[in-house]
Structure formats: C-alpha cells, structure tokens
Amino acid sequence: MFSTVLIANRGEIACRAIRTLKSLGVKSVAVYSDADRNARHVKEADVAIALGGDKASDSYLRIDKILAAAKETGAEAIWPGYGFLSESLPFAAACEEAGIAFVGPTAQQIGEFGLKHRARELAASAGVPMTPGTPLLDSLEEALSAADTIGYPVMLKSTAGGGGIGLTRCDDADALRNAWESVRRLGEQFFSDAGVFLERFIDRARHVEVQIFGDGTGKVIALGERDCSLQRRNQKVVEETPHRTCRRRRVKRCCHPPCALVS
C-alpha cells in the first residue's frame with residue numbers, strides 16, 4: 001500500500017479520489033492551476049501544490065511540473081484520473097523512469113492499445129470475436145476495395161485518439177470517397193496521426209465497457225461492466241451498471257434504481 005498518492009487531475013474526479021484515499025488512510029496530494037486555486041479538490045486534499053498557469057497546457061498537462069510536485073511531497077504513486085495525462089505514453093514512461101508508480105496501464109500497454117488498429121491486431125491474436133474490419137489503409141482505392149468486401153455501411157475511423165473524432169458512417173462508395181480526406185485531416189489535426197481503417201457499421205449497437213484492474217504482479221480481476229450507450233455526439237451522458245437483461249422487463253439494461261449511475 002502506498003502512503004502518499006498524487007492526483008494529477010481536478011474537479012469532481014479528484015474529489016472522489018481524495019475521499020477514497022482518506023478512507024484508506026493514504027495521504028492525498030492535489031495539484032492545481034492558478035485558475036483552480038480555490039477549487040474544492042485543493043481544499044480537501046492533505047497537501048496541495050501549485051502548478052502555475054491558467055490553462056491546462058501550462059499546468060495539468062505539464063509532465064515536468066507534475067513529477068516535480070510528486071518528488072517534493074514524497075508521493076510514491078500518481079493517479080491520473082481521466083483525460084489530461086491519463087493516456088499519455090510519455091507521462092507513463094516518465095513516471096517509470098522516475099521510479100514513481102503510474103496508477104494505470106504501463107507505458108508499453110498504452111503504446112500498444114493507444115492505436116485502434118493495433119488494438120484490433122492484439123484482440124485478433126488473442127482470439128477475441130470482432131466485427132469485420134481492416135488494418136491501416138494506405139489509399140482510398142484500398143479502402144473502397146475493402147468496403148466492398150466488408151459490405152456497406154462501414155465506419156471510417158481514425159486509429160488514434162477517441163471521443164468519436166473522425167468517426168464517419170459511410171453508406172456507399174460515394175460517401176466513403178467524400179469522407180476519406182476529411183477523416184484523415186481530423187486525425188492529423190487532433191492526434192498528429194492521419195492513419196485510418198474501416199469497420200463494419202452496426203446499427204442499434206450498445207456501448208458496453210468492462211472494467212479491468214491489475215495489481216502489477218500478475219493478479220487481474222474484472223470489476224464489472226457498464227452500459228454507456230446513452231451518448232450525445234459520441235460522448236457518454238449516462239452510465240448504467242451492470243449491463244444485463246433485467247428479469248422483470250427483459251430489457252438489456254438493469255431497471256432497478258441502485259444500478260443507475262449518472263457520470
């Protein structure tokens with residue numbers, strides 16, 4: 001068990017982490033920008049370190065400042081929450097190099113699964129059932145040929161990033177032609193990676209996430225699943241847990257009040 005953990009985040013997610021650490025008897029360290037100096041997470045943490053700057057790029061996204069705060073407070077681990085540096089390969093690698101535990105995937109795992117086409121390759125090698133799709137595509141002609149094989153409608157997807165950015169449904173070849181450059185441009189603009197691939201489009205699909213936790217020594221458990229299907233612009237609005245067929249109504253979500261959680 002760690003004695004001191006730095007929370008590299010802000011707002012509600014940081015407050016939840018602080019409450020959990022207090023219940024475990026673990027010292028919490030908050031970090032904050034100038035704009036957040038009076039924020040709740042700053043007041044509730046055992047220690048709060050100023051990062052300076054008003055923008056996230058000058059504070060919560062500064063790897064050097066986060067690591068300096070961890071060293072100053074003797075934090076043995078850094079918990080990134082979500083967003084900011086939570087999926088940053090350079091940050092996870094920097095934590096490993098500094099001898100500070102990164103509470104999340106290893107740098108290697110982030111590198112492997114950070115690109116969707118690579119994640120598909122790993123899933124296929126593990127025998128995981130998948131929707132029909134392609135590896136990275138080198139040209140529009142290759143995409144059109146693959147789409148004919150998969151069958152329309154298809155999704156043209158950026159391999160990097162998330163949040164639905166660059167995700168485009170193509171109902172026919174003309175739609176795919178029109179989307180090709182646009183999706184590649186969005187990938188380059190937001191994630192510095194123009195790589196794209198195709199997957200078969202599934203209508204009326206459900207977005208179900210399984211939460212996996214490992215202790216770094218080979219012990220891994222599944223903490224349960226969440227139905228995140230209710231979305232606006234590809235962003236989750238409500239999460240329901242667990243996802244299952246309700247015995248009362250036979251619908252594919254639990255209708256009992258304790259299971260409805262708003263994120």
# chains A, B, ... in the order shown; residues from 1 in each chain; ligands from 1
>>> closest_atom_pairs(of="stretch 84-172 of chain A", to="stretch 180-203 of chain A", cutoff="10 Å", atoms="only C-alpha atoms", output="tab-separated table")
residue	atom	partner	partner_atom	distance
A:Leu115	CA	A:Gly195	CA	9.2
A:Lys116	CA	A:Phe197	CA	8.8
A:His117	CA	A:Phe197	CA	7.0
A:Met130	CA	A:Glu199	CA	9.5
A:Thr131	CA	A:Arg200	CA	6.3
A:Pro132	CA	A:Arg200	CA	5.7
A:Gly133	CA	A:Glu199	CA	4.1
A:Thr134	CA	A:Leu198	CA	5.4
A:Pro135	CA	A:Phe197	CA	6.0
A:Leu136	CA	A:Phe197	CA	4.9
A:Leu137	CA	A:Phe197	CA	5.5
A:Asp138	CA	A:Gly195	CA	8.3
A:Ser139	CA	A:Trp180	CA	9.0
A:Leu140	CA	A:Trp180	CA	6.7
A:Ala143	CA	A:Leu198	CA	7.4
A:Leu144	CA	A:Leu198	CA	9.8
A:Ala146	CA	A:Leu198	CA	7.9
A:Ala147	CA	A:Leu198	CA	7.4
A:Ile150	CA	A:Arg200	CA	6.5
A:Gly151	CA	A:Arg200	CA	7.2
A:Tyr152	CA	A:Arg200	CA	7.1
A:Pro153	CA	A:Phe201	CA	5.5
A:Val154	CA	A:Arg200	CA	4.4
A:Met155	CA	A:Glu199	CA	5.2
A:Leu156	CA	A:Leu198	CA	4.9
A:Lys157	CA	A:Val196	CA	5.4
A:Ser158	CA	A:Val196	CA	4.5
A:Thr159	CA	A:Val196	CA	5.4
A:Ala160	CA	A:Phe191	CA	6.2
A:Gly161	CA	A:Phe191	CA	5.9
A:Gly162	CA	A:Phe191	CA	9.2
A:Ile165	CA	A:Leu186	CA	7.2
A:Gly166	CA	A:Val183	CA	4.8
A:Leu167	CA	A:Val183	CA	7.3
A:Thr168	CA	A:Val183	CA	7.4
A:Arg169	CA	A:Phe201	CA	7.1
A:Cys170	CA	A:Phe201	CA	8.4
A:Asp171	CA	A:Phe201	CA	9.0
>>> residues_around(residues="A:Lys71", least_positions_apart="4", cutoff="12 Å", atoms="only C-alpha atoms", output="list in words")
Thr4, Val5, Leu6, Val29, Ile49, Asp64, Lys65, Ile66, Leu67, Ala75, Glu76, Ala77, Ile78, Cys95, Ala98, Gly99 and Ile100 of chain A
>>> select_by_dssp(residues="stretch 9-136 of chain A", states="strand (DSSP E)", output="list in words")
Lys27, Ser28, Val29, Ala30, Val31, Tyr32, Val47, Ala48, Ile49, Ala50, Ala77, Ile78, Trp79, Ala101 and Phe102 of chain A
>>> write_last_selection(atoms="N, CA, C and O atoms", output="PDB file, in the first residue's frame")
ATOM      1  N   LYS A  27      -2.294   9.433   2.386  1.00  0.00           N
ATOM      2  CA  LYS A  27      -2.156  10.879   2.234  1.00  0.00           C
ATOM      3  C   LYS A  27      -2.388  11.268   0.775  1.00  0.00           C
ATOM      4  O   LYS A  27      -1.843  10.653  -0.141  1.00  0.00           O
ATOM      5  N   SER A  28      -3.203  12.301   0.554  1.00  0.00           N
ATOM      6  CA  SER A  28      -3.521  12.745  -0.805  1.00  0.00           C
ATOM      7  C   SER A  28      -2.826  14.060  -1.117  1.00  0.00           C
ATOM      8  O   SER A  28      -2.747  14.955  -0.271  1.00  0.00           O
ATOM      9  N   VAL A  29      -2.333  14.160  -2.343  1.00  0.00           N
ATOM     10  CA  VAL A  29      -1.681  15.386  -2.818  1.00  0.00           C
ATOM     11  C   VAL A  29      -2.453  15.890  -4.023  1.00  0.00           C
ATOM     12  O   VAL A  29      -2.625  15.169  -5.009  1.00  0.00           O
ATOM     13  N   ALA A  30      -2.936  17.119  -3.943  1.00  0.00           N
ATOM     14  CA  ALA A  30      -3.622  17.747  -5.064  1.00  0.00           C
ATOM     15  C   ALA A  30      -2.670  18.694  -5.778  1.00  0.00           C
ATOM     16  O   ALA A  30      -1.728  19.230  -5.174  1.00  0.00           O
ATOM     17  N   VAL A  31      -2.904  18.868  -7.067  1.00  0.00           N
ATOM     18  CA  VAL A  31      -2.181  19.877  -7.833  1.00  0.00           C
ATOM     19  C   VAL A  31      -3.216  20.810  -8.453  1.00  0.00           C
ATOM     20  O   VAL A  31      -4.356  20.398  -8.695  1.00  0.00           O
ATOM     21  N   TYR A  32      -2.814  22.044  -8.707  1.00  0.00           N
ATOM     22  CA  TYR A  32      -3.819  22.973  -9.216  1.00  0.00           C
ATOM     23  C   TYR A  32      -3.178  24.091 -10.024  1.00  0.00           C
ATOM     24  O   TYR A  32      -2.037  24.490  -9.797  1.00  0.00           O
ATOM     25  N   VAL A  47      -2.436  17.749   1.064  1.00  0.00           N
ATOM     26  CA  VAL A  47      -1.410  18.691   0.598  1.00  0.00           C
ATOM     27  C   VAL A  47      -1.819  19.176  -0.782  1.00  0.00           C
ATOM     28  O   VAL A  47      -2.361  18.403  -1.582  1.00  0.00           O
ATOM     29  N   ALA A  48      -1.587  20.436  -1.087  1.00  0.00           N
ATOM     30  CA  ALA A  48      -1.903  20.988  -2.399  1.00  0.00           C
ATOM     31  C   ALA A  48      -0.692  21.735  -2.942  1.00  0.00           C
ATOM     32  O   ALA A  48      -0.106  22.567  -2.241  1.00  0.00           O
ATOM     33  N   ILE A  49      -0.323  21.435  -4.173  1.00  0.00           N
ATOM     34  CA  ILE A  49       0.850  22.040  -4.811  1.00  0.00           C
ATOM     35  C   ILE A  49       0.412  22.864  -6.023  1.00  0.00           C
ATOM     36  O   ILE A  49      -0.298  22.365  -6.896  1.00  0.00           O
ATOM     37  N   ALA A  50       0.836  24.110  -6.074  1.00  0.00           N
ATOM     38  CA  ALA A  50       0.509  24.988  -7.197  1.00  0.00           C
ATOM     39  C   ALA A  50       1.385  24.649  -8.401  1.00  0.00           C
ATOM     40  O   ALA A  50       2.602  24.509  -8.278  1.00  0.00           O
ATOM     41  N   ALA A  77       3.132   7.320  -5.790  1.00  0.00           N
ATOM     42  CA  ALA A  77       2.300   6.968  -6.937  1.00  0.00           C
ATOM     43  C   ALA A  77       1.562   8.204  -7.429  1.00  0.00           C
ATOM     44  O   ALA A  77       1.303   9.145  -6.669  1.00  0.00           O
ATOM     45  N   ILE A  78       1.231   8.187  -8.716  1.00  0.00           N
ATOM     46  CA  ILE A  78       0.437   9.264  -9.329  1.00  0.00           C
ATOM     47  C   ILE A  78      -0.795   8.649  -9.955  1.00  0.00           C
ATOM     48  O   ILE A  78      -0.693   7.706 -10.750  1.00  0.00           O
ATOM     49  N   TRP A  79      -1.952   9.162  -9.580  1.00  0.00           N
ATOM     50  CA  TRP A  79      -3.221   8.700 -10.161  1.00  0.00           C
ATOM     51  C   TRP A  79      -3.720   9.768 -11.125  1.00  0.00           C
ATOM     52  O   TRP A  79      -3.979  10.901 -10.708  1.00  0.00           O
ATOM     53  N   ALA A 101       5.132   5.108  -9.217  1.00  0.00           N
ATOM     54  CA  ALA A 101       4.113   4.234  -9.798  1.00  0.00           C
ATOM     55  C   ALA A 101       3.061   5.068 -10.525  1.00  0.00           C
ATOM     56  O   ALA A 101       2.548   6.046  -9.984  1.00  0.00           O
ATOM     57  N   PHE A 102       2.757   4.686 -11.744  1.00  0.00           N
ATOM     58  CA  PHE A 102       1.677   5.291 -12.518  1.00  0.00           C
ATOM     59  C   PHE A 102       0.454   4.403 -12.331  1.00  0.00           C
ATOM     60  O   PHE A 102       0.462   3.236 -12.737  1.00  0.00           O
TER      61      PHE A 102
END
>>> residues_around(residues="stretch 220-231 of chain A", least_positions_apart="3", cutoff="9 Å", atoms="only C-alpha atoms", output="PyMOL selection string")
chain A and resi 205-217+234-244+253
>>> select_by_dssp(residues="stretch 60-115 of chain A", states="helix (DSSP H, G or I)", output="list of chain:residue names")
A:Ile63, A:Asp64, A:Lys65, A:Ile66, A:Leu67, A:Ala68, A:Ala69, A:Ala70, A:Lys71, A:Glu72, A:Thr73, A:Leu89, A:Pro90, A:Phe91, A:Ala92, A:Ala93, A:Ala94, A:Cys95, A:Glu96, A:Glu97, A:Ala98, A:Ala107, A:Gln108, A:Gln109, A:Ile110, A:Gly111, A:Glu112, A:Phe113
>>> write_last_selection(atoms="C-alpha atoms", output="short mmCIF file (atom, residue, chain, number, x, y, z; two decimals), in the first residue's frame")
data_model
loop_
_atom_site.label_atom_id
_atom_site.label_comp_id
_atom_site.auth_asym_id
_atom_site.auth_seq_id
_atom_site.Cartn_x
_atom_site.Cartn_y
_atom_site.Cartn_z
CA ILE A 63 4.73 16.40 -17.12
CA ASP A 64 7.74 18.12 -15.57
CA LYS A 65 5.60 20.07 -13.10
CA ILE A 66 3.56 17.02 -12.08
CA LEU A 67 6.70 14.96 -11.44
CA ALA A 68 8.32 17.81 -9.52
CA ALA A 69 5.25 18.01 -7.27
CA ALA A 70 5.39 14.26 -6.67
CA LYS A 71 9.06 14.40 -5.70
CA GLU A 72 8.52 17.44 -3.48
CA THR A 73 5.76 15.71 -1.50
CA LEU A 89 2.64 7.37 -23.22
CA PRO A 90 5.38 9.95 -22.45
CA PHE A 91 3.91 10.57 -18.98
CA ALA A 92 3.63 6.89 -18.08
CA ALA A 93 7.20 6.35 -19.31
CA ALA A 94 8.44 9.37 -17.33
CA CYS A 95 6.83 8.03 -14.15
CA GLU A 96 8.52 4.66 -14.66
CA GLU A 97 11.88 6.35 -15.23
CA ALA A 98 11.42 8.45 -12.07
CA ALA A 107 3.78 2.67 -20.90
CA GLN A 108 4.02 -0.39 -23.14
CA GLN A 109 0.31 -1.11 -22.80
CA ILE A 110 -0.62 2.48 -23.58
CA GLY A 111 1.59 2.33 -26.65
CA GLU A 112 0.05 -0.95 -27.81
CA PHE A 113 -3.60 -0.09 -27.23
#
>>> atom_distance(atom1="atom CA of A:Ala35", atom2="atom CA of A:Asp54")
5.1 Å
